[in-house]
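Have a look at start-v2.txt below; it lists compact mmCIF, C-alpha atoms.
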```txt
# COMPACT_ATOMS: atom_id res chain seq x y z
CA MET A 93 -0.66 28.16 17.66
CA LYS A 94 1.99 30.91 17.59
CA ILE A 95 5.11 29.52 15.91
CA ALA A 96 8.58 30.97 15.28
CA VAL A 97 10.54 29.95 12.21
CA LEU A 98 14.22 30.85 12.49
CA GLY A 99 15.83 31.17 9.09
CA THR A 100 14.72 32.61 5.76
CA GLY A 101 16.10 29.99 3.37
CA MET A 102 14.13 27.45 1.37
CA VAL A 103 13.55 25.21 4.39
CA GLY A 104 12.37 28.04 6.62
CA GLU A 105 10.10 29.49 3.96
CA THR A 106 8.57 26.12 3.09
CA ILE A 107 7.85 25.27 6.73
CA ALA A 108 6.57 28.77 7.54
CA SER A 109 4.21 28.79 4.55
CA ALA A 110 2.86 25.33 5.39
CA LEU A 111 2.19 26.34 8.99
CA VAL A 112 0.38 29.53 7.93
CA ALA A 113 -1.71 27.47 5.49
CA LYS A 114 -2.70 25.24 8.42
CA GLY A 115 -3.97 28.27 10.37
CA HIS A 116 -1.00 28.96 12.63
CA ASP A 117 0.39 32.42 13.30
CA VAL A 118 3.99 32.37 12.14
CA ARG A 119 6.80 34.85 12.73
CA MET A 120 9.86 34.37 10.59
CA GLY A 121 13.04 35.42 12.37
CA SER A 122 16.33 36.48 10.89
CA ARG A 123 19.39 38.50 11.84
CA SER A 124 17.77 41.75 10.80
CA ALA A 125 14.13 42.79 11.29
CA THR A 126 14.07 44.10 7.72
CA ASN A 127 15.45 40.98 6.00
CA GLU A 128 14.19 41.24 2.41
CA LYS A 129 13.39 37.58 1.96
CA ALA A 130 11.40 37.47 5.21
CA VAL A 131 9.46 40.62 4.36
CA ALA A 132 8.66 39.33 0.85
CA TRP A 133 7.51 36.02 2.35
CA ALA A 134 5.22 37.74 4.89
CA GLN A 135 3.62 39.92 2.21
CA LYS A 136 2.84 36.84 0.16
CA ALA A 137 1.78 34.65 3.09
CA GLY A 138 -0.90 37.01 4.42
CA ALA A 139 -2.26 38.20 7.74
CA ARG A 140 -1.03 35.29 9.88
CA ALA A 141 2.55 35.90 8.76
CA SER A 142 4.96 38.34 10.38
CA THR A 143 8.69 38.95 10.57
CA GLY A 144 11.25 40.12 13.08
CA THR A 145 14.67 39.47 14.51
CA PHE A 146 15.57 36.04 15.86
CA ALA A 147 14.76 37.48 19.32
CA ASP A 148 11.38 38.87 18.18
CA ALA A 149 10.36 35.55 16.64
CA ALA A 150 11.53 33.63 19.70
CA ALA A 151 9.50 35.80 22.04
CA PHE A 152 6.44 35.44 19.79
CA GLY A 153 6.43 31.66 19.29
CA GLU A 154 5.13 29.02 21.68
CA LEU A 155 7.11 26.61 19.49
CA ALA A 156 10.06 27.25 17.17
CA PHE A 157 11.53 25.62 14.08
CA LEU A 158 15.28 26.09 13.70
CA CYS A 159 15.83 26.21 9.93
CA THR A 160 19.11 28.04 9.48
CA LYS A 161 22.17 26.51 7.88
CA GLY A 162 23.92 24.21 10.33
CA ASP A 163 27.03 26.35 10.63
CA VAL A 164 25.06 29.37 11.90
CA ALA A 165 22.55 27.47 14.06
CA GLN A 166 24.36 28.21 17.29
CA VAL A 167 24.68 31.93 16.53
CA ALA A 168 20.99 32.14 15.66
CA LEU A 169 20.02 30.43 18.91
CA GLU A 170 22.25 32.78 20.90
CA SER A 171 20.05 35.68 19.74
CA ALA A 172 16.88 33.68 20.35
CA ALA A 173 17.66 31.75 23.52
CA ALA A 174 16.18 34.16 26.06
CA GLY A 175 12.81 34.15 24.31
CA LEU A 176 12.88 30.40 23.81
CA ALA A 177 13.56 29.39 27.42
CA GLY A 178 11.36 26.44 28.35
CA LYS A 179 9.99 26.17 24.80
CA VAL A 180 10.16 23.38 22.25
CA VAL A 181 12.64 23.94 19.41
CA VAL A 182 12.46 21.65 16.39
CA ASP A 183 16.03 21.39 15.12
CA VAL A 184 15.82 20.80 11.36
CA THR A 185 19.49 21.62 10.70
CA ASN A 186 22.25 19.50 9.21
CA PRO A 187 25.90 20.09 10.17
CA ILE A 188 27.09 20.64 6.61
CA ASP A 189 30.64 21.91 6.33
CA ALA A 190 30.30 24.26 3.38
CA GLY A 191 34.03 24.93 3.34
CA LYS A 192 35.05 21.39 2.41
CA GLY A 193 33.84 21.27 -1.19
CA ARG A 194 31.57 18.71 -2.87
CA PRO A 195 30.10 16.37 -1.91
CA PRO A 196 29.75 18.14 1.44
CA GLN A 197 31.11 16.65 4.65
CA LEU A 198 29.71 17.13 8.14
CA PHE A 199 31.46 19.40 10.65
CA VAL A 200 30.32 17.23 13.53
CA CYS A 201 29.44 13.52 13.47
CA ASN A 202 30.18 10.08 14.89
CA ASP A 203 31.11 11.05 18.47
CA ASP A 204 28.76 14.06 18.66
CA SER A 205 25.96 15.76 16.72
CA LEU A 206 24.76 19.28 16.11
CA GLY A 207 21.55 18.48 18.00
CA GLU A 208 23.55 17.51 21.08
CA ARG A 209 25.81 20.55 20.80
CA LEU A 210 22.83 22.89 20.67
CA GLN A 211 21.08 21.17 23.60
CA LYS A 212 24.29 21.43 25.64
CA ALA A 213 24.81 25.09 24.71
CA PHE A 214 21.18 26.01 25.50
CA PRO A 215 19.99 23.77 28.33
CA ALA A 216 16.81 25.81 28.92
CA LEU A 217 15.53 24.92 25.44
CA LYS A 218 13.70 21.67 24.70
CA ILE A 219 15.42 20.66 21.51
CA VAL A 220 13.90 17.97 19.30
CA LYS A 221 15.87 16.91 16.24
CA SER A 222 13.53 16.07 13.39
CA LEU A 223 12.82 16.47 9.66
CA ASN A 224 16.52 16.92 8.77
CA THR A 225 16.58 13.72 6.71
CA ILE A 226 14.41 14.92 3.82
CA ASN A 227 13.88 17.58 1.20
CA CYS A 228 11.78 20.47 2.52
CA ASN A 229 8.86 19.86 0.18
CA ILE A 230 8.48 16.40 1.72
CA MET A 231 8.91 17.75 5.27
CA VAL A 232 5.58 19.55 5.04
CA ASN A 233 3.84 17.24 2.58
CA PRO A 234 4.90 13.60 2.98
CA GLY A 235 1.76 12.65 1.06
CA MET A 236 3.47 13.81 -2.16
CA LEU A 237 5.35 10.51 -2.07
CA ALA A 238 3.74 7.33 -3.33
CA GLU A 239 3.79 5.62 0.10
CA ASP A 240 4.12 6.56 3.77
CA THR A 241 7.77 7.06 4.73
CA ALA A 242 9.73 7.59 7.92
CA VAL A 243 10.66 10.61 9.99
CA PHE A 244 12.46 10.63 13.35
CA LEU A 245 12.40 12.34 16.75
CA SER A 246 15.46 12.71 19.01
CA GLY A 247 15.25 14.69 22.23
CA ASN A 248 15.55 14.58 25.99
CA ASP A 249 12.00 15.75 26.81
CA ASP A 250 9.11 13.37 26.13
CA GLY A 251 6.53 16.16 26.37
CA ALA A 252 8.43 18.16 23.75
CA LYS A 253 8.57 15.15 21.44
CA ALA A 254 4.80 14.72 21.88
CA VAL A 255 4.27 18.34 20.77
CA VAL A 256 6.44 17.83 17.68
CA ARG A 257 4.76 14.52 16.89
CA ARG A 258 1.38 16.26 16.97
CA VAL A 259 2.50 18.98 14.53
CA LEU A 260 4.10 16.40 12.22
CA THR A 261 0.94 14.31 12.25
CA GLU A 262 -1.82 16.90 12.26
CA ASP A 263 -0.27 19.72 10.25
CA PHE A 264 2.02 17.86 7.85
CA GLY A 265 0.42 14.39 7.64
CA TRP A 266 3.34 12.20 8.77
CA LYS A 267 2.43 8.61 9.69
CA GLN A 268 5.74 6.72 10.16
CA ILE A 269 7.19 8.71 13.08
CA PHE A 270 9.90 7.00 15.16
CA ASP A 271 11.08 8.23 18.56
CA LEU A 272 14.76 7.23 18.58
CA GLY A 273 15.42 8.32 22.17
CA ASP A 274 17.36 11.16 23.74
CA ILE A 275 19.19 13.92 21.87
CA THR A 276 22.34 11.79 21.44
CA THR A 277 20.35 9.66 18.96
CA ALA A 278 20.45 12.68 16.61
CA ARG A 279 23.78 11.25 15.44
CA GLY A 280 21.81 8.64 13.49
CA PRO A 281 19.61 10.96 11.40
CA GLU A 282 22.37 13.56 10.99
CA MET A 283 24.73 10.90 9.60
CA MET A 284 22.15 9.95 6.98
CA LEU A 285 23.03 13.11 5.06
CA PRO A 286 25.96 11.52 3.17
CA MET A 287 23.62 8.73 2.05
CA TRP A 288 20.97 11.26 1.06
CA LEU A 289 23.54 13.08 -1.08
CA ARG A 290 24.58 9.86 -2.87
CA MET A 291 20.98 8.82 -3.53
CA TRP A 292 20.26 12.31 -4.83
CA GLY A 293 23.22 11.83 -7.14
CA ALA A 294 22.00 8.41 -8.28
CA LEU A 295 18.36 9.46 -8.79
CA LYS A 296 19.01 13.04 -10.01
CA ASP A 297 16.05 13.93 -7.80
CA GLY A 298 15.90 14.95 -4.13
CA GLU A 299 12.23 14.18 -3.66
CA PHE A 300 12.50 10.72 -2.15
CA ASN A 301 12.43 9.19 1.30
CA TRP A 302 12.78 5.86 3.11
CA ARG A 303 9.91 3.71 4.31
CA LEU A 304 10.59 1.38 7.21
CA VAL A 305 9.77 -2.22 6.32
CA ARG A 306 9.74 -5.07 8.82
CA LYS A 307 9.12 -8.79 8.58
CA SER A 308 6.09 -10.25 6.91
CA LYS A 309 3.38 -11.08 9.40
CA MET B 1122 30.38 -20.41 -9.38
CA LYS B 1123 33.37 -20.79 -7.05
CA ILE B 1124 33.07 -18.25 -4.26
CA ALA B 1125 35.32 -17.32 -1.34
CA VAL B 1126 33.82 -16.10 1.92
CA LEU B 1127 36.40 -14.41 4.13
CA GLY B 1128 35.36 -14.49 7.78
CA THR B 1129 33.69 -17.09 9.99
CA GLY B 1130 31.32 -14.88 11.98
CA MET B 1131 27.55 -14.73 11.68
CA VAL B 1132 27.68 -12.69 8.48
CA GLY B 1133 30.20 -14.97 6.78
CA GLU B 1134 28.36 -18.12 7.80
CA THR B 1135 24.97 -16.79 6.70
CA ILE B 1136 26.27 -15.69 3.29
CA ALA B 1137 28.30 -18.89 2.78
CA SER B 1138 25.34 -21.12 3.64
CA ALA B 1139 23.01 -19.19 1.34
CA LEU B 1140 25.47 -19.45 -1.56
CA VAL B 1141 25.90 -23.21 -1.05
CA ALA B 1142 22.13 -23.60 -0.96
CA LYS B 1143 21.98 -21.84 -4.34
CA GLY B 1144 24.41 -24.38 -5.83
CA HIS B 1145 27.67 -22.46 -5.59
CA ASP B 1146 30.93 -24.00 -4.39
CA VAL B 1147 32.02 -22.01 -1.37
CA ARG B 1148 35.32 -21.96 0.49
CA MET B 1149 35.26 -20.20 3.85
CA GLY B 1150 38.58 -18.56 4.65
CA SER B 1151 39.99 -17.66 8.03
CA ARG B 1152 43.35 -17.01 9.67
CA SER B 1153 43.95 -20.70 10.29
CA ALA B 1154 43.07 -23.61 8.00
CA THR B 1155 41.70 -25.49 11.00
CA ASN B 1156 39.41 -22.77 12.34
CA GLU B 1157 36.78 -24.66 14.37
CA LYS B 1158 33.83 -22.54 13.32
CA ALA B 1159 34.73 -22.89 9.64
CA VAL B 1160 35.21 -26.65 9.90
CA ALA B 1161 31.91 -27.08 11.74
CA TRP B 1162 30.17 -24.96 9.11
CA ALA B 1163 31.62 -27.01 6.23
CA GLN B 1164 30.56 -30.31 7.83
CA LYS B 1165 27.01 -29.03 8.17
CA ALA B 1166 26.89 -27.34 4.76
CA GLY B 1167 27.81 -30.43 2.70
CA ALA B 1168 29.85 -31.33 -0.33
CA ARG B 1169 29.95 -27.88 -1.94
CA ALA B 1170 31.46 -26.36 1.22
CA SER B 1171 35.16 -26.28 2.05
CA THR B 1172 37.52 -24.34 4.30
CA GLY B 1173 41.04 -23.00 4.25
CA THR B 1174 43.19 -20.01 5.04
CA PHE B 1175 42.34 -16.58 3.69
CA ALA B 1176 44.90 -17.28 0.94
CA ASP B 1177 43.37 -20.72 0.13
CA ALA B 1178 39.88 -19.26 -0.14
CA ALA B 1179 41.11 -16.35 -2.24
CA ALA B 1180 42.87 -18.65 -4.71
CA PHE B 1181 39.74 -20.83 -4.94
CA GLY B 1182 37.09 -18.16 -5.49
CA GLU B 1183 36.23 -16.42 -8.76
CA LEU B 1184 34.40 -13.95 -6.52
CA ALA B 1185 34.89 -13.17 -2.82
CA PHE B 1186 32.74 -11.82 0.01
CA LEU B 1187 34.69 -9.93 2.67
CA CYS B 1188 32.77 -10.62 5.89
CA THR B 1189 35.29 -10.03 8.67
CA LYS B 1190 34.90 -7.39 11.34
CA GLY B 1191 35.81 -4.00 9.97
CA ASP B 1192 38.88 -3.58 12.14
CA VAL B 1193 40.55 -6.71 10.73
CA ALA B 1194 39.39 -6.33 7.11
CA GLN B 1195 42.70 -4.94 5.93
CA VAL B 1196 44.74 -7.68 7.64
CA ALA B 1197 42.48 -10.36 6.14
CA LEU B 1198 42.90 -8.87 2.66
CA GLU B 1199 46.68 -8.74 3.07
CA SER B 1200 46.68 -12.55 3.34
CA ALA B 1201 44.22 -12.90 0.49
CA ALA B 1202 45.31 -10.18 -1.92
CA ALA B 1203 47.60 -12.26 -4.15
CA GLY B 1204 44.84 -14.78 -4.85
CA LEU B 1205 42.24 -12.08 -5.36
CA ALA B 1206 44.14 -10.01 -7.96
CA GLY B 1207 41.74 -8.96 -10.71
CA LYS B 1208 38.76 -10.50 -8.91
CA VAL B 1209 35.58 -8.97 -7.57
CA VAL B 1210 35.46 -8.55 -3.77
CA VAL B 1211 32.13 -7.72 -2.17
CA ASP B 1212 32.98 -5.62 0.88
CA VAL B 1213 30.26 -6.25 3.46
CA THR B 1214 32.21 -4.75 6.37
CA ASN B 1215 31.37 -1.82 8.63
CA PRO B 1216 34.14 0.25 10.23
CA ILE B 1217 32.93 -0.30 13.78
CA ASP B 1218 35.34 0.90 16.46
CA ALA B 1219 34.87 -1.80 19.09
CA GLY B 1220 37.13 0.03 21.51
CA LYS B 1221 34.88 3.05 21.96
CA GLY B 1222 32.02 1.48 23.93
CA ARG B 1223 28.31 1.54 23.20
CA PRO B 1224 26.66 2.60 21.03
CA PRO B 1225 29.60 1.89 18.68
CA GLN B 1226 31.26 4.65 16.70
CA LEU B 1227 32.97 4.31 13.33
CA PHE B 1228 36.77 4.35 13.04
CA VAL B 1229 36.58 5.98 9.63
CA CYS B 1230 33.79 8.14 8.22
CA ASN B 1231 32.86 11.51 6.73
CA ASP B 1232 36.08 12.27 4.81
CA ASP B 1233 36.91 8.62 4.00
CA SER B 1234 35.40 5.13 4.22
CA LEU B 1235 36.62 1.62 4.85
CA GLY B 1236 35.67 0.67 1.29
CA GLU B 1237 37.91 3.42 -0.09
CA ARG B 1238 40.77 2.51 2.22
CA LEU B 1239 40.66 -1.12 1.11
CA GLN B 1240 40.47 -0.19 -2.58
CA LYS B 1241 43.46 2.13 -2.13
CA ALA B 1242 45.46 -0.50 -0.21
CA PHE B 1243 44.69 -3.24 -2.76
CA PRO B 1244 44.39 -1.59 -6.20
CA ALA B 1245 44.42 -4.96 -8.03
CA LEU B 1246 41.12 -5.97 -6.38
CA LYS B 1247 37.74 -4.89 -7.74
CA ILE B 1248 36.06 -3.86 -4.52
CA VAL B 1249 32.30 -3.36 -4.43
CA LYS B 1250 30.78 -2.12 -1.19
CA SER B 1251 27.38 -3.68 -0.66
CA LEU B 1252 25.04 -5.34 1.85
CA ASN B 1253 26.64 -3.61 4.87
CA THR B 1254 23.43 -1.70 5.67
CA ILE B 1255 21.35 -4.67 6.86
CA ASN B 1256 21.17 -7.62 9.20
CA CYS B 1257 22.72 -10.75 7.65
CA ASN B 1258 19.46 -12.70 7.52
CA ILE B 1259 18.04 -10.00 5.28
CA MET B 1260 21.23 -9.83 3.16
CA VAL B 1261 20.55 -13.30 1.77
CA ASN B 1262 16.76 -13.27 2.02
CA PRO B 1263 15.26 -9.83 1.45
CA GLY B 1264 11.95 -11.57 0.79
CA MET B 1265 11.60 -12.15 4.55
CA LEU B 1266 10.53 -8.51 4.78
CA ALA B 1267 6.98 -7.49 3.98
CA GLU B 1268 7.99 -5.33 0.98
CA ASP B 1269 10.96 -4.91 -1.37
CA THR B 1270 13.66 -2.76 0.22
CA ALA B 1271 16.90 -1.13 -0.88
CA VAL B 1272 20.49 -2.28 -1.16
CA PHE B 1273 23.43 -0.34 -2.62
CA LEU B 1274 26.50 -0.78 -4.81
CA SER B 1275 29.63 1.41 -4.60
CA GLY B 1276 32.69 0.60 -6.68
CA ASN B 1277 35.04 1.84 -9.38
CA ASP B 1278 34.48 -1.03 -11.84
CA ASP B 1279 31.15 -1.25 -13.66
CA GLY B 1280 31.74 -4.86 -14.68
CA ALA B 1281 32.36 -5.81 -11.05
CA LYS B 1282 29.17 -4.08 -9.99
CA ALA B 1283 27.26 -6.00 -12.68
CA VAL B 1284 28.60 -9.29 -11.25
CA VAL B 1285 27.51 -8.33 -7.74
CA ARG B 1286 24.12 -7.12 -8.97
CA ARG B 1287 23.57 -10.50 -10.61
CA VAL B 1288 24.36 -12.43 -7.41
CA LEU B 1289 22.16 -10.09 -5.35
CA THR B 1290 19.30 -10.51 -7.80
CA GLU B 1291 19.53 -14.15 -8.81
CA ASP B 1292 20.86 -15.77 -5.65
CA PHE B 1293 19.40 -13.58 -2.91
CA GLY B 1294 16.32 -12.05 -4.57
CA TRP B 1295 17.09 -8.33 -4.24
CA LYS B 1296 14.94 -6.01 -6.38
CA GLN B 1297 15.70 -2.43 -5.20
CA ILE B 1298 19.42 -2.26 -6.08
CA PHE B 1299 20.98 1.21 -6.44
CA ASP B 1300 24.36 1.90 -8.01
CA LEU B 1301 25.59 4.93 -6.05
CA GLY B 1302 28.75 5.43 -8.11
CA ASP B 1303 32.45 4.94 -7.42
CA ILE B 1304 33.95 3.55 -4.22
CA THR B 1305 33.94 6.99 -2.54
CA THR B 1306 30.15 6.71 -2.37
CA ALA B 1307 30.66 3.93 0.23
CA ARG B 1308 30.72 6.79 2.75
CA GLY B 1309 26.93 6.99 2.41
CA PRO B 1310 26.04 3.38 3.25
CA GLU B 1311 28.79 3.09 5.87
CA MET B 1312 27.48 6.17 7.66
CA MET B 1313 24.02 4.60 7.87
CA LEU B 1314 25.27 2.33 10.65
CA PRO B 1315 24.62 4.87 13.45
CA MET B 1316 21.02 5.19 12.19
CA TRP B 1317 20.68 1.41 11.99
CA LEU B 1318 21.81 1.14 15.61
CA ARG B 1319 19.26 3.73 16.80
CA MET B 1320 16.41 2.08 14.86
CA TRP B 1321 17.44 -1.27 16.29
CA GLY B 1322 17.22 0.34 19.72
CA ALA B 1323 13.81 1.85 18.99
CA LEU B 1324 12.33 -1.32 17.45
CA LYS B 1325 14.17 -3.88 19.66
CA ASP B 1326 14.57 -5.83 16.43
CA GLY B 1327 17.33 -5.76 13.80
CA GLU B 1328 15.31 -7.35 11.04
CA PHE B 1329 14.19 -4.25 9.19
CA ASN B 1330 15.28 -2.29 6.15
CA TRP B 1331 14.46 0.83 4.17
CA ARG B 1332 12.39 0.94 1.01
CA LEU B 1333 13.01 3.81 -1.38
CA VAL B 1334 9.84 5.75 -2.11
CA ARG B 1335 9.54 8.45 -4.74
CA LYS B 1336 6.77 10.78 -5.87
CA SER B 1337 3.32 9.57 -6.78
CA LYS B 1338 2.96 9.16 -10.50
```

If you took the structure in this file and wrote it as structure tokens, what would it be?
Amino acid sequence: MKIAVLGTGMVGETIASALVAKGHDVRMGSRSATNEKAVAWAQKAGARASTGTFADAAAFGELAFLCTKGDVAQVALESAAAGLAGKVVVDVTNPIDAGKGRPPQLFVCNDDSLGERLQKAFPALKIVKSLNTINCNIMVNPGMLAEDTAVFLSGNDDGAKAVVRRVLTEDFGWKQIFDLGDITTARGPEMMLPMWLRMWGALKDGEFNWRLVRKSK
Amino acid sequence: MKIAVLGTGMVGETIASALVAKGHDVRMGSRSATNEKAVAWAQKAGARASTGTFADAAAFGELAFLCTKGDVAQVALESAAAGLAGKVVVDVTNPIDAGKGRPPQLFVCNDDSLGERLQKAFPALKIVKSLNTINCNIMVNPGMLAEDTAVFLSGNDDGAKAVVRRVLTEDFGWKQIFDLGDITTARGPEMMLPMWLRMWGALKDGEFNWRLVRKSK
């Protein structure tokens, strides 16, 4: 599958590398076609890896992962939106307000979410919020944890969620995948970030996740 | 141990009954000493159960559970504060804004929490946020779930957290108990409510919880 990864940070690079390793053709998009981190990644990742602007990557991909920082997600999608019309966009972002010190706060929560804002701003895109609740190493390799743990889907388009579920299952190995409902349910997973930060503080380790447990049979 | 339970709703009744069953003497406090729900509970719960005003219960208990609705927590503590000075108060509340329709939003989050507000308003109390992340049946009986799951402690006083940890462990059977840090860390568990609501919607069942999973050894 041809896949766009928007963003050259740790999350984007980890997802892009995992998708190349699974045999997908991946174009990493950034503000400039000559972004040094993207070019270095593509050289390392091999023949299935390429780079370009956000618009180049968007035009290339049948599916896109939005992996920028939350506060530039909307700007990145503005450059990419034309090429992404009608396509599935996995929104991995968290609305972290970098300007408010530590521990970080969210710049949107409670009565709205970044997922909803992006879907409203770009109605032609099929946005599916997912994977934003975990460290990027776990995103692409949930089997590194001792037991199966949970990941979530929020989005308005059932077909789009089915596409993302297939990638999560077949490429990354996720087993506890929960469809929470439409894009407004992204408020739930996005508001888990403050809890994630406190657990990270308590464990001194970000490589953890939550397993859903129900009643004994 | 003599324990006060402030609040006569489902959470208060479930916690009070569980504590009586474990051999504690429990006084359920409410706005009026003749609250019908409290009186009915005490008749059913037996000789170790009693009722009174918030102030009566506070004076009686060596430890208190705050189980009112979030939007009346501060008012309840105003009546109880004199009797609770220097005592440990387990804050089980969630800051649900009942006035904002469904699904509920929080009336404080992100840059503050209800736990912090209460600690600031009543500095003589040793407030420990805990148990607010789960259904009340699970609060007092985590063993009803198929596997051990997680519960959290947030508070400024380590001795107070040790008291709460002991009750959670010995009376209720909790095993995955995480000390997140001071009372400001209550923002994490309080902001899990929106996720809880969406999972409840997805599962059509509120009797679930999260198990912390870390890397394979």

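Look at segment 268-285 of chain A: the protein and nucleic acid residues within 7 Å of it, using only C-alpha atoms and passing over chain neighbours fewer than 5 places away, are Asn186, Cys201, Asn202, Asp204, Ser205, Gly207, Glu208, Lys221, Thr225, Asp240, Thr241, Ala242, Val243, Phe244, Leu245, Ser246, Gly247 and Asn248 of chain A; Met1312, Met1313, Pro1315, Met1316, Arg1319, Met1320 and Ala1323 of chain B.
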
Counting all atoms listed in the file, closest pick from A:Val131, A:Ala174, A:Val259, A:Leu155 relative to Pro215 of chain A is A:Ala174

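Taking only C-alpha atoms into account, chain B lies nearest to A:Leu304 out of the set A:Ile219, A:Met102, A:Leu304, A:Ala213.
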
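Computed from the coordinates, the atom CA of Glu1134 of chain B to atom CA of Leu1227 of chain B distance equals 23.6 Å.
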
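We find atom CA of Lys1247 of chain B and atom CA of Leu1289 of chain B to be spaced 16.6 Å apart.
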
Report as an MDAnalysis selection string all protein, DNA and RNA residues lying within 7 Å of Ala108 of chain A, evaluated on only C-alpha atoms, omitting residues in the same chain fewer than 4 positions from it.
chainID A and resid 97 104 112 118

Judged by only C-alpha atoms, the minimum distance to chain B among A:Ile188, A:Val232, A:Cys159, A:Val220 is found for A:Ile188

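Straight-line separation from atom CA of Lys1158 of chain B to atom CA of Ala1178 of chain B: 15.1 Å.
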
Take the point (15.1, -12.3, 5.1) in the file's coordinates, draw a sphere of radius 12 Å around it, and report as a JSON list (two decimals) with C-alpha atoms, in the coordinates of the input every protein, DNA or RNA residue with an atom inside or on it, counting only C-alpha atoms.
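So part_18.json came out as:
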```json
[["chain", "number", "residue", "atom", "x", "y", "z"],
["A", 305, "VAL", "CA", 9.77, -2.22, 6.32],
["A", 306, "ARG", "CA", 9.74, -5.07, 8.82],
["A", 307, "LYS", "CA", 9.12, -8.79, 8.58],
["A", 308, "SER", "CA", 6.09, -10.25, 6.91],
["B", 1135, "THR", "CA", 24.97, -16.79, 6.70],
["B", 1136, "ILE", "CA", 26.27, -15.69, 3.29],
["B", 1139, "ALA", "CA", 23.01, -19.19, 1.34],
["B", 1255, "ILE", "CA", 21.35, -4.67, 6.86],
["B", 1256, "ASN", "CA", 21.17, -7.62, 9.20],
["B", 1257, "CYS", "CA", 22.72, -10.75, 7.65],
["B", 1258, "ASN", "CA", 19.46, -12.70, 7.52],
["B", 1259, "ILE", "CA", 18.04, -10.00, 5.28],
["B", 1260, "MET", "CA", 21.23, -9.83, 3.16],
["B", 1261, "VAL", "CA", 20.55, -13.30, 1.77],
["B", 1262, "ASN", "CA", 16.76, -13.27, 2.02],
["B", 1263, "PRO", "CA", 15.26, -9.83, 1.45],
["B", 1264, "GLY", "CA", 11.95, -11.57, 0.79],
["B", 1265, "MET", "CA", 11.60, -12.15, 4.55],
["B", 1266, "LEU", "CA", 10.53, -8.51, 4.78],
["B", 1267, "ALA", "CA", 6.98, -7.49, 3.98],
["B", 1268, "GLU", "CA", 7.99, -5.33, 0.98],
["B", 1269, "ASP", "CA", 10.96, -4.91, -1.37],
["B", 1270, "THR", "CA", 13.66, -2.76, 0.22],
["B", 1293, "PHE", "CA", 19.40, -13.58, -2.91],
["B", 1294, "GLY", "CA", 16.32, -12.05, -4.57],
["B", 1295, "TRP", "CA", 17.09, -8.33, -4.24],
["B", 1327, "GLY", "CA", 17.33, -5.76, 13.80],
["B", 1328, "GLU", "CA", 15.31, -7.35, 11.04],
["B", 1329, "PHE", "CA", 14.19, -4.25, 9.19],
["B", 1330, "ASN", "CA", 15.28, -2.29, 6.15]]
```

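Between chain B and the candidates A:Asp203, A:Asp189, A:Asp183, A:Asp249, the tightest atom-to-atom separation, counting all atoms listed in the file, involves A:Asp203.
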
Shortest contact to chain B, candidates A:Lys136, A:Arg303, A:Arg258, A:Lys212, atoms counted all atoms listed in the file, goes to A:Arg303

Show me, as a PDB file with C-alpha atoms, in the coordinates of the input, the residues that have an atom within 10 Å of Leu1198 of chain B when counting all atoms listed in the file, minus same-chain residues fewer than 4 positions from it.
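Output contents, as saved in part14.pdb:
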```
ATOM      1  CA  LEU B1127      36.400 -14.410   4.130  1.00  0.00           C
ATOM      2  CA  PHE B1175      42.340 -16.580   3.690  1.00  0.00           C
ATOM      3  CA  ALA B1176      44.900 -17.280   0.940  1.00  0.00           C
ATOM      4  CA  ALA B1179      41.110 -16.350  -2.240  1.00  0.00           C
ATOM      5  CA  LEU B1187      34.690  -9.930   2.670  1.00  0.00           C
ATOM      6  CA  THR B1189      35.290 -10.030   8.670  1.00  0.00           C
ATOM      7  CA  VAL B1193      40.550  -6.710  10.730  1.00  0.00           C
ATOM      8  CA  ALA B1194      39.390  -6.330   7.110  1.00  0.00           C
ATOM      9  CA  ALA B1202      45.310 -10.180  -1.920  1.00  0.00           C
ATOM     10  CA  ALA B1203      47.600 -12.260  -4.150  1.00  0.00           C
ATOM     11  CA  GLY B1204      44.840 -14.780  -4.850  1.00  0.00           C
ATOM     12  CA  LEU B1205      42.240 -12.080  -5.360  1.00  0.00           C
ATOM     13  CA  VAL B1210      35.460  -8.550  -3.770  1.00  0.00           C
ATOM     14  CA  LEU B1239      40.660  -1.120   1.110  1.00  0.00           C
ATOM     15  CA  ALA B1242      45.460  -0.500  -0.210  1.00  0.00           C
ATOM     16  CA  PHE B1243      44.690  -3.240  -2.760  1.00  0.00           C
ATOM     17  CA  LEU B1246      41.120  -5.970  -6.380  1.00  0.00           C
TER      18      LEU B1246
END
```

List the spatial neighbours of Ala1163 of chain B as a PyMOL selection string - criterion: any atom at most 12 Å away, all atoms listed in the file, same-chain residues fewer than 3 positions off excluded.
chain B and resi 1126+1129+1134+1137-1138+1141+1146-1150+1155-1160+1166-1173

Quick one: what's the axis-aligned box for segment 248-260 of chain A, all listed atoms, 4 Å on every side, centre and edges in Å to one decimal, as JSON?
```
{"center_x": 8.5, "center_y": 16.2, "center_z": 19.5, "size_x": 22.2, "size_y": 13.6, "size_z": 22.6}
```

I need the residue nearest chain A from this list: B:Asp1279, B:Lys1221, B:Val1285, B:Asn1253. Use all atoms listed in the file for the distance.
B:Lys1221
